[in-house]
>>> print(open('data.cif').read())   # mmCIF, C-alpha atoms
data_structure
loop_
_atom_site.label_atom_id
_atom_site.label_comp_id
_atom_site.auth_asym_id
_atom_site.auth_seq_id
_atom_site.Cartn_x
_atom_site.Cartn_y
_atom_site.Cartn_z
CA MET Z 1 -16.65 16.69 4.82
CA ILE Z 2 -18.27 14.23 2.48
CA GLU Z 3 -18.95 10.59 3.33
CA ARG Z 4 -19.92 7.41 1.56
CA ASN Z 5 -20.66 3.85 2.61
CA PHE Z 6 -18.88 0.93 1.07
CA PRO Z 7 -19.26 -2.82 1.60
CA ALA Z 8 -16.21 -3.80 3.65
CA ARG Z 9 -14.77 -6.03 0.95
CA ALA Z 10 -11.37 -5.97 -0.77
CA ASP Z 11 -13.01 -5.72 -4.21
CA GLN Z 12 -14.26 -2.25 -3.21
CA LEU Z 13 -10.75 -0.85 -2.96
CA GLU Z 14 -10.79 0.77 -6.39
CA ALA Z 15 -14.16 2.43 -5.65
CA VAL Z 16 -12.82 3.80 -2.35
CA GLN Z 17 -9.69 5.13 -4.05
CA THR Z 18 -11.79 6.80 -6.75
CA PHE Z 19 -14.02 8.37 -4.10
CA ILE Z 20 -11.00 9.90 -2.33
CA THR Z 21 -9.32 10.96 -5.56
CA ASP Z 22 -12.50 12.71 -6.70
CA GLN Z 23 -12.52 14.85 -3.55
CA ILE Z 24 -8.97 16.05 -3.98
CA LYS Z 25 -8.43 16.16 -7.71
CA ASP Z 26 -8.85 19.93 -7.83
CA SER Z 27 -6.50 20.51 -4.90
CA PRO Z 28 -2.85 21.32 -5.49
CA PHE Z 29 -1.42 18.06 -4.20
CA SER Z 30 1.92 16.91 -5.51
CA LYS Z 31 2.20 13.52 -7.20
CA ARG Z 32 4.15 12.34 -4.17
CA THR Z 33 1.40 13.36 -1.73
CA LEU Z 34 -1.28 11.71 -3.86
CA PHE Z 35 0.75 8.52 -3.88
CA GLN Z 36 1.13 8.57 -0.11
CA ILE Z 37 -2.58 9.19 0.43
CA ARG Z 38 -3.40 6.32 -1.92
CA VAL Z 39 -1.11 3.98 -0.01
CA ALA Z 40 -2.60 4.95 3.36
CA VAL Z 41 -6.18 4.57 2.11
CA GLU Z 42 -5.43 1.13 0.71
CA GLU Z 43 -3.78 -0.13 3.88
CA ILE Z 44 -6.58 1.02 6.19
CA PHE Z 45 -9.46 -0.05 3.97
CA ILE Z 46 -7.97 -3.49 3.31
CA ASN Z 47 -7.40 -3.86 7.03
CA ILE Z 48 -11.11 -3.26 7.66
CA ALA Z 49 -12.13 -5.52 4.76
CA SER Z 50 -9.89 -8.31 6.05
CA TYR Z 51 -10.47 -8.22 9.79
CA ALA Z 52 -13.36 -6.04 10.99
CA TYR Z 53 -16.29 -8.36 10.33
CA ARG Z 54 -14.63 -11.75 10.12
CA SER Z 55 -16.88 -13.89 7.95
CA SER Z 56 -19.99 -11.70 8.11
CA GLU Z 57 -20.82 -8.84 5.77
CA GLY Z 58 -20.33 -5.32 7.00
CA GLU Z 59 -19.87 -1.78 5.88
CA ALA Z 60 -17.18 0.84 6.11
CA VAL Z 61 -17.96 4.52 6.08
CA VAL Z 62 -15.30 6.63 4.43
CA ARG Z 63 -15.21 10.37 5.06
CA CYS Z 64 -13.01 12.84 3.31
CA GLY Z 65 -12.53 16.54 3.70
CA VAL Z 66 -10.04 18.97 2.29
CA GLU Z 67 -9.18 21.59 4.89
CA HIS Z 68 -8.44 24.58 2.76
CA ASP Z 69 -7.58 26.85 5.65
CA ARG Z 70 -5.03 24.43 7.00
CA LEU Z 71 -3.92 23.19 3.61
CA GLY Z 72 -4.58 19.63 4.58
CA ILE Z 73 -6.71 16.60 3.95
CA LEU Z 74 -8.60 14.61 6.53
CA ILE Z 75 -9.74 11.05 5.87
CA GLN Z 76 -11.80 9.03 8.30
CA PHE Z 77 -12.77 5.36 8.28
CA LEU Z 78 -15.61 4.09 10.45
CA ASP Z 79 -16.77 0.49 10.87
CA ARG Z 80 -18.96 -1.44 13.27
CA GLY Z 81 -16.73 -4.50 13.37
CA LYS Z 82 -14.96 -5.82 16.43
CA PRO Z 83 -12.96 -3.18 18.33
CA PHE Z 84 -9.50 -3.11 16.85
CA ASN Z 85 -6.80 -0.49 17.04
CA PRO Z 86 -4.45 -1.10 14.11
CA LEU Z 87 -1.99 1.46 15.50
CA LEU Z 88 -1.17 -0.90 18.36
CA LYS Z 89 0.01 -3.53 15.94
CA LYS Z 90 3.74 -3.94 16.16
CA ASP Z 91 5.57 -2.27 13.31
CA ALA Z 92 7.52 -4.51 10.99
CA ASP Z 93 11.19 -4.71 11.96
CA ILE Z 94 12.81 -3.08 8.95
CA THR Z 95 16.36 -3.68 10.12
CA LEU Z 96 16.38 -7.47 9.80
CA PRO Z 97 18.05 -9.26 6.90
CA ALA Z 98 15.70 -10.43 4.14
CA GLN Z 99 15.50 -14.05 5.26
CA GLU Z 100 14.37 -13.07 8.74
CA ARG Z 101 11.87 -10.45 7.74
CA ASP Z 102 8.23 -11.06 8.40
CA ILE Z 103 5.64 -10.02 5.86
CA GLY Z 104 3.32 -8.57 8.52
CA GLY Z 105 3.20 -5.07 9.94
CA LEU Z 106 4.39 -3.30 6.80
CA GLY Z 107 1.04 -1.77 5.92
CA ILE Z 108 0.44 0.11 9.13
CA LEU Z 109 4.06 1.24 9.18
CA MET Z 110 3.52 2.77 5.75
CA VAL Z 111 0.38 4.55 6.94
CA LYS Z 112 2.24 6.08 9.87
CA LYS Z 113 5.06 7.24 7.63
CA ALA Z 114 2.89 8.44 4.76
CA MET Z 115 0.47 10.52 6.83
CA ASP Z 116 1.25 13.37 9.23
CA ASN Z 117 -1.16 12.26 11.91
CA VAL Z 118 -3.12 9.05 12.54
CA GLU Z 119 -5.53 8.54 15.43
CA TYR Z 120 -7.80 5.72 16.52
CA ARG Z 121 -10.75 5.71 18.85
CA TYR Z 122 -13.66 3.40 19.62
CA GLU Z 123 -16.90 5.26 20.12
CA ASN Z 124 -20.58 4.25 20.09
CA GLY Z 125 -19.77 0.79 18.84
CA GLN Z 126 -17.59 2.06 16.03
CA ASN Z 127 -13.93 1.88 15.17
CA ILE Z 128 -12.94 5.35 14.04
CA LEU Z 129 -9.62 5.90 12.38
CA THR Z 130 -8.72 9.44 11.43
CA MET Z 131 -5.73 10.46 9.40
CA ARG Z 132 -4.45 13.83 8.27
CA LYS Z 133 -1.95 14.98 5.75
CA THR Z 134 -0.72 18.45 5.05
CA ILE Z 135 -0.68 19.44 1.44
CA GLU Z 136 2.58 19.49 -0.36
CA ARG Z 137 1.86 21.70 -3.33
CA SER Z 138 2.65 20.54 -6.80
CA GLU Z 139 5.04 22.78 -8.62
CA MET P 1 -1.51 -4.66 -14.07
CA THR P 2 0.47 -6.08 -16.96
CA ILE P 3 3.26 -8.55 -16.35
CA VAL P 4 5.64 -9.51 -19.14
CA LYS P 5 8.26 -12.19 -18.66
CA LYS P 6 11.35 -12.59 -20.78
CA GLN P 7 13.57 -15.58 -20.20
CA GLU P 8 17.06 -16.07 -21.56
CA GLY P 9 18.57 -19.25 -20.23
CA ALA P 10 18.68 -19.07 -16.46
CA ALA P 11 17.98 -15.33 -16.45
CA LEU P 12 14.41 -14.15 -16.14
CA THR P 13 13.33 -10.54 -16.49
CA ILE P 14 9.87 -9.55 -15.29
CA TYR P 15 8.46 -6.25 -16.53
CA LEU P 16 5.83 -4.81 -14.20
CA GLU P 17 3.42 -2.26 -15.55
CA GLY P 18 0.68 -0.43 -13.64
CA ARG P 19 -0.15 -0.96 -9.97
CA LEU P 20 1.17 -3.61 -7.65
CA ASP P 21 -1.39 -3.59 -4.83
CA THR P 22 -3.82 -5.80 -2.91
CA SER P 23 -5.79 -6.57 -6.08
CA THR P 24 -2.85 -7.31 -8.35
CA ALA P 25 -0.18 -8.85 -6.07
CA PRO P 26 -1.81 -12.33 -6.42
CA GLN P 27 -1.29 -11.97 -10.18
CA LEU P 28 2.46 -11.53 -9.68
CA ASP P 29 2.56 -14.39 -7.16
CA ALA P 30 0.93 -16.67 -9.71
CA GLU P 31 3.35 -15.64 -12.46
CA VAL P 32 6.39 -16.52 -10.36
CA GLU P 33 5.05 -19.70 -8.83
CA ASN P 34 7.52 -21.76 -10.82
CA LEU P 35 11.05 -20.39 -10.86
CA ASP P 36 12.78 -23.70 -11.36
CA GLY P 37 16.19 -23.24 -12.95
CA VAL P 38 16.14 -19.43 -12.66
CA THR P 39 19.34 -18.16 -11.09
CA LYS P 40 19.05 -14.50 -12.01
CA LEU P 41 15.83 -12.60 -11.67
CA VAL P 42 15.39 -9.00 -12.76
CA LEU P 43 12.32 -7.02 -11.75
CA ASP P 44 11.94 -4.11 -14.13
CA MET P 45 9.77 -1.36 -12.61
CA LYS P 46 10.04 1.24 -15.35
CA LYS P 47 6.28 1.25 -15.89
CA LEU P 48 5.24 0.53 -12.33
CA VAL P 49 3.38 3.54 -10.94
CA TYR P 50 2.14 2.31 -7.57
CA LEU P 51 3.21 -0.08 -4.84
CA SER P 52 1.52 -0.92 -1.54
CA SER P 53 2.40 -3.31 1.28
CA ALA P 54 0.70 -6.18 -0.55
CA GLY P 55 3.16 -5.67 -3.39
CA LEU P 56 6.05 -5.40 -0.94
CA ARG P 57 5.11 -8.79 0.48
CA SER P 58 5.31 -10.37 -2.97
CA ILE P 59 8.67 -8.71 -3.60
CA LEU P 60 10.03 -9.83 -0.22
CA SER P 61 8.95 -13.37 -0.84
CA LEU P 62 10.64 -13.30 -4.25
CA GLN P 63 13.82 -11.90 -2.72
CA LYS P 64 13.87 -14.69 -0.13
CA ARG P 65 13.47 -17.35 -2.80
CA MET P 66 16.08 -15.85 -5.12
CA SER P 67 18.60 -15.49 -2.29
CA ARG P 68 18.44 -19.25 -1.99
CA GLN P 69 18.72 -20.08 -5.67
CA GLY P 70 20.65 -17.20 -7.21
CA SER P 71 20.24 -13.45 -7.27
CA MET P 72 17.63 -10.79 -7.80
CA VAL P 73 17.96 -7.25 -9.09
CA VAL P 74 15.34 -4.51 -9.11
CA ARG P 75 15.78 -1.84 -11.74
CA ASN P 76 14.26 1.36 -13.15
CA VAL P 77 12.60 2.37 -9.88
CA CYS P 78 10.81 5.74 -10.01
CA ASP P 79 11.09 8.31 -7.18
CA VAL P 80 7.82 7.59 -5.38
CA ILE P 81 8.38 3.85 -5.36
CA MET P 82 11.97 4.34 -4.22
CA GLU P 83 10.53 6.28 -1.31
CA VAL P 84 8.35 3.29 -0.39
CA PHE P 85 11.45 1.08 -0.45
CA GLU P 86 13.25 3.59 1.78
CA MET P 87 10.48 3.99 4.34
CA THR P 88 10.13 0.23 4.72
CA GLY P 89 13.84 -0.56 4.81
CA PHE P 90 13.66 -2.48 1.55
CA THR P 91 16.62 -0.52 0.22
CA ASP P 92 18.74 -2.59 2.64
CA ILE P 93 17.59 -5.97 1.39
CA LEU P 94 17.10 -5.39 -2.33
CA THR P 95 19.73 -4.87 -4.98
CA ILE P 96 18.46 -1.79 -6.76
CA GLU P 97 20.10 -0.66 -9.97
#
>>> encode(input="data.cif", output="structure tokens")
Amino acid sequence: MIERNFPARADQLEAVQTFITDQIKDSPFSKRTLFQIRVAVEEIFINIASYAYRSSEGEAVVRCGVEHDRLGILIQFLDRGKPFNPLLKKDADITLPAQERDIGGLGILMVKKAMDNVEYRYENGQNILTMRKTIERSE
Amino acid sequence: MTIVKKQEGAALTIYLEGRLDTSTAPQLDAEVENLDGVTKLVLDMKKLVYLSSAGLRSILSLQKRMSRQGSMVVRNVCDVIMEVFEMTGFTDILTIE
């Protein structure tokens, strides 16, 4: 698994996406899987950039590993911001009519649907979010 | 992302090209700040390759506004973006052609 530190700021999103893409570009992921990974990475990183450190500067560690034996990818986000489990956030209600829909909760819902497995834990002063996705091979 | 607007009378077509995400959604929000007199809005996604929840928020807000002053249609949606609309229930609130 390879890791890199990024300032926890929204303007780092492209750099984080490039870092992840570089790790998996030689793997046989389908366009659909790559899209889903990109969405999940954006939602989690922006969450950290927006809420973890409030007004102070902080860092996010991003880890990425391709598990060749299990044909999957593992991505981990670590930050030392306030303890926060995004998975406990209420999912957006996607059954309401447009006028009653709230704009919150969509991001984490997309992460849950895009990835096969998402786990959160708080350990040694760090928020650790781990997500896995099984490879869907490109044809 | 590139946003091109084409207006014909009360009908406005917005062509979205590239990625609609956290970085670019404010660009779309700014482009549609003034929709006075627009009763039909078309969002053309033929060249849109990526959409995240930030983009969905902008689209939802547009849909809410257009429901009050006319109608909105989304067209030329590619497979992966259609999947985003499906997983978030947007297929139920948008008119997709």
>>> closest_residue(input="data.cif", among="P:Gln7, P:Thr39, P:Thr13, P:Ser61", to="Ala25 of chain P", atoms="only C-alpha atoms")
P:Ser61
>>> closest_residue(input="data.cif", among="Z:Ile44, Z:Val39, Z:Ile24, Z:Leu71", to="chain P", atoms="all atoms listed in the file")
Z:Val39
>>> atom_distance(input="data.cif", atom1="atom CA of His68 of chain Z", atom2="atom CA of Arg121 of chain Z")
24.9 Å
>>> resolve_selection(input="data.cif", expression="the PyMOL selection byres ((chain P and resi 51) around 12)", output="VMD selection string")
(chain Z and resid 35 to 36 38 to 40 42 to 43 107 110) or (chain P and resid 1 16 to 25 45 47 to 50 52 to 59 77 to 85 88)
>>> closest_residue(input="data.cif", among="Z:Ile46, Z:Ile37, Z:Ala114, Z:Lys31", to="Gln12 of chain Z", atoms="all atoms listed in the file")
Z:Ile46
>>> resolve_selection(input="data.cif", expression="the PyMOL selection byres ((chain Z and resi 53) around 10)", output="list in words")
Ala8, Arg9, Ile48, Ala49, Ser50, Tyr51, Ala52, Arg54, Ser55, Ser56, Glu57, Gly58, Glu59, Asp79, Arg80, Gly81 and Lys82 of chain Z
>>> residues_around(input="data.cif", residues="segment 127-136 of chain Z", least_positions_apart="4", cutoff="6 Å", atoms="all atoms listed in the file", output="mmCIF file with C-alpha atoms, in the frame of the given file")
data_model
loop_
_atom_site.group_PDB
_atom_site.id
_atom_site.type_symbol
_atom_site.label_atom_id
_atom_site.label_comp_id
_atom_site.auth_asym_id
_atom_site.auth_seq_id
_atom_site.Cartn_x
_atom_site.Cartn_y
_atom_site.Cartn_z
ATOM 1 C CA PHE Z 29 -1.420 18.060 -4.200
ATOM 2 C CA SER Z 30 1.920 16.910 -5.510
ATOM 3 C CA LEU Z 71 -3.920 23.190 3.610
ATOM 4 C CA GLY Z 72 -4.580 19.630 4.580
ATOM 5 C CA ILE Z 73 -6.710 16.600 3.950
ATOM 6 C CA LEU Z 74 -8.600 14.610 6.530
ATOM 7 C CA ILE Z 75 -9.740 11.050 5.870
ATOM 8 C CA GLN Z 76 -11.800 9.030 8.300
ATOM 9 C CA PHE Z 77 -12.770 5.360 8.280
ATOM 10 C CA LEU Z 78 -15.610 4.090 10.450
ATOM 11 C CA ASP Z 79 -16.770 0.490 10.870
ATOM 12 C CA MET Z 115 0.470 10.520 6.830
ATOM 13 C CA ASP Z 116 1.250 13.370 9.230
ATOM 14 C CA ASN Z 117 -1.160 12.260 11.910
ATOM 15 C CA VAL Z 118 -3.120 9.050 12.540
ATOM 16 C CA GLU Z 119 -5.530 8.540 15.430
ATOM 17 C CA TYR Z 120 -7.800 5.720 16.520
ATOM 18 C CA ARG Z 121 -10.750 5.710 18.850
ATOM 19 C CA TYR Z 122 -13.660 3.400 19.620
#
>>> closest_residue(input="data.cif", among="Z:Ala10, Z:Gln17, Z:Pro28, Z:Leu88", to="chain P", atoms="all atoms listed in the file")
Z:Ala10
>>> resolve_selection(input="data.cif", expression="the PyMOL selection byres ((chain Z) within 7 of (chain P))", output="ChimeraX atom specification")
/Z:32,39,94-95,97-99,103,106-107
>>> write_last_selection(input="data.cif", atoms="C-alpha atoms", output="compact mmCIF listing (two decimals), keeping the file's coordinate frame")
# COMPACT_ATOMS: atom_id res chain seq x y z
CA ARG Z 32 4.15 12.34 -4.17
CA VAL Z 39 -1.11 3.98 -0.01
CA ILE Z 94 12.81 -3.08 8.95
CA THR Z 95 16.36 -3.68 10.12
CA PRO Z 97 18.05 -9.26 6.90
CA ALA Z 98 15.70 -10.43 4.14
CA GLN Z 99 15.50 -14.05 5.26
CA ILE Z 103 5.64 -10.02 5.86
CA LEU Z 106 4.39 -3.30 6.80
CA GLY Z 107 1.04 -1.77 5.92
>>> atom_distance(input="data.cif", atom1="atom CA of Ile3 of chain P", atom2="atom CA of Tyr15 of chain P")
5.7 Å
>>> closest_residue(input="data.cif", among="Z:Phe84, Z:Ser27, Z:Thr33, Z:Phe19", to="Asn47 of chain Z", atoms="all atoms listed in the file")
Z:Phe84
>>> atom_distance(input="data.cif", atom1="atom CA of Val32 of chain P", atom2="atom CA of Ala10 of chain P")
14.0 Å
>>> closest_residue(input="data.cif", among="P:Val74, P:Val4, P:Ile96, P:Ala30", to="Val42 of chain P", atoms="only C-alpha atoms")
P:Val74
>>> decode(input="data.cif", residues="segment 55-96 of chain P", atoms="N, CA and C atoms", output="short mmCIF file (atom, residue, chain, number, x, y, z; two decimals), in the first residue's frame")
data_model
loop_
_atom_site.label_atom_id
_atom_site.label_comp_id
_atom_site.auth_asym_id
_atom_site.auth_seq_id
_atom_site.Cartn_x
_atom_site.Cartn_y
_atom_site.Cartn_z
N GLY P 55 -22.33 18.29 -7.92
CA GLY P 55 -23.05 18.57 -9.17
C GLY P 55 -24.53 18.26 -9.04
N LEU P 56 -24.83 17.18 -8.32
CA LEU P 56 -26.24 16.81 -8.11
C LEU P 56 -26.98 17.92 -7.36
N ARG P 57 -26.29 18.53 -6.41
CA ARG P 57 -26.93 19.62 -5.65
C ARG P 57 -27.30 20.77 -6.57
N SER P 58 -26.39 21.11 -7.48
CA SER P 58 -26.68 22.20 -8.42
C SER P 58 -27.85 21.84 -9.32
N ILE P 59 -27.88 20.58 -9.76
CA ILE P 59 -28.97 20.14 -10.65
C ILE P 59 -30.30 20.14 -9.90
N LEU P 60 -30.28 19.68 -8.65
CA LEU P 60 -31.50 19.66 -7.84
C LEU P 60 -32.03 21.08 -7.64
N SER P 61 -31.13 21.98 -7.34
CA SER P 61 -31.55 23.35 -7.12
C SER P 61 -32.15 23.96 -8.40
N LEU P 62 -31.55 23.61 -9.53
CA LEU P 62 -32.10 24.08 -10.82
C LEU P 62 -33.49 23.50 -11.07
N GLN P 63 -33.62 22.19 -10.77
CA GLN P 63 -34.91 21.53 -10.97
C GLN P 63 -36.00 22.19 -10.12
N LYS P 64 -35.64 22.51 -8.87
CA LYS P 64 -36.62 23.16 -7.99
C LYS P 64 -37.05 24.51 -8.54
N ARG P 65 -36.08 25.27 -9.02
CA ARG P 65 -36.41 26.59 -9.57
C ARG P 65 -37.26 26.47 -10.82
N MET P 66 -36.87 25.55 -11.72
CA MET P 66 -37.60 25.44 -12.98
C MET P 66 -39.00 24.86 -12.79
N SER P 67 -39.19 24.05 -11.74
CA SER P 67 -40.54 23.54 -11.47
C SER P 67 -41.49 24.68 -11.13
N ARG P 68 -40.92 25.74 -10.58
CA ARG P 68 -41.75 26.89 -10.21
C ARG P 68 -42.02 27.82 -11.40
N GLN P 69 -41.07 27.87 -12.34
CA GLN P 69 -41.25 28.86 -13.41
C GLN P 69 -41.38 28.27 -14.80
N GLY P 70 -41.46 26.93 -14.89
CA GLY P 70 -41.58 26.33 -16.21
C GLY P 70 -41.21 24.85 -16.14
N SER P 71 -40.32 24.44 -17.04
CA SER P 71 -39.94 23.03 -17.04
C SER P 71 -38.45 22.87 -17.31
N MET P 72 -37.96 21.69 -16.96
CA MET P 72 -36.55 21.41 -17.20
C MET P 72 -36.41 19.99 -17.76
N VAL P 73 -35.54 19.86 -18.74
CA VAL P 73 -35.29 18.56 -19.36
C VAL P 73 -33.79 18.31 -19.34
N VAL P 74 -33.42 17.06 -19.04
CA VAL P 74 -32.01 16.69 -19.09
C VAL P 74 -31.86 15.72 -20.25
N ARG P 75 -30.88 15.95 -21.11
CA ARG P 75 -30.78 15.06 -22.26
C ARG P 75 -29.34 14.62 -22.54
N ASN P 76 -29.24 13.57 -23.35
CA ASN P 76 -27.94 13.00 -23.75
C ASN P 76 -27.10 12.56 -22.56
N VAL P 77 -27.71 11.79 -21.66
CA VAL P 77 -27.02 11.33 -20.45
C VAL P 77 -26.28 10.02 -20.76
N CYS P 78 -25.00 9.96 -20.48
CA CYS P 78 -24.24 8.73 -20.74
C CYS P 78 -24.52 7.69 -19.64
N ASP P 79 -24.10 6.47 -19.86
CA ASP P 79 -24.42 5.35 -18.95
C ASP P 79 -23.98 5.59 -17.50
N VAL P 80 -22.72 6.02 -17.33
CA VAL P 80 -22.22 6.14 -15.95
C VAL P 80 -22.93 7.25 -15.19
N ILE P 81 -23.28 8.31 -15.89
CA ILE P 81 -24.00 9.40 -15.21
C ILE P 81 -25.45 9.00 -14.95
N MET P 82 -26.01 8.24 -15.87
CA MET P 82 -27.37 7.73 -15.64
C MET P 82 -27.39 6.86 -14.38
N GLU P 83 -26.32 6.13 -14.18
CA GLU P 83 -26.24 5.29 -12.98
C GLU P 83 -26.23 6.13 -11.70
N VAL P 84 -25.54 7.27 -11.77
CA VAL P 84 -25.54 8.19 -10.62
C VAL P 84 -26.96 8.69 -10.36
N PHE P 85 -27.67 9.05 -11.42
CA PHE P 85 -29.06 9.50 -11.27
C PHE P 85 -29.93 8.40 -10.67
N GLU P 86 -29.65 7.15 -11.08
CA GLU P 86 -30.45 6.03 -10.57
C GLU P 86 -30.16 5.77 -9.09
N MET P 87 -28.88 5.76 -8.73
CA MET P 87 -28.54 5.42 -7.34
C MET P 87 -28.96 6.50 -6.35
N THR P 88 -29.21 7.70 -6.84
CA THR P 88 -29.60 8.78 -5.94
C THR P 88 -31.08 9.16 -6.09
N GLY P 89 -31.80 8.36 -6.88
CA GLY P 89 -33.22 8.61 -7.04
C GLY P 89 -33.54 9.82 -7.91
N PHE P 90 -32.55 10.36 -8.59
CA PHE P 90 -32.79 11.53 -9.42
C PHE P 90 -33.61 11.19 -10.67
N THR P 91 -33.62 9.91 -11.02
CA THR P 91 -34.42 9.52 -12.19
C THR P 91 -35.91 9.78 -11.92
N ASP P 92 -36.29 9.84 -10.63
CA ASP P 92 -37.70 10.07 -10.30
C ASP P 92 -38.08 11.54 -10.35
N ILE P 93 -37.11 12.42 -10.22
CA ILE P 93 -37.46 13.85 -10.16
C ILE P 93 -37.05 14.63 -11.39
N LEU P 94 -36.21 14.02 -12.23
CA LEU P 94 -35.78 14.72 -13.44
C LEU P 94 -36.54 14.19 -14.64
N THR P 95 -36.70 15.04 -15.64
CA THR P 95 -37.24 14.56 -16.92
C THR P 95 -36.02 14.31 -17.82
N ILE P 96 -35.75 13.02 -18.04
CA ILE P 96 -34.56 12.67 -18.81
C ILE P 96 -34.97 12.16 -20.18
#
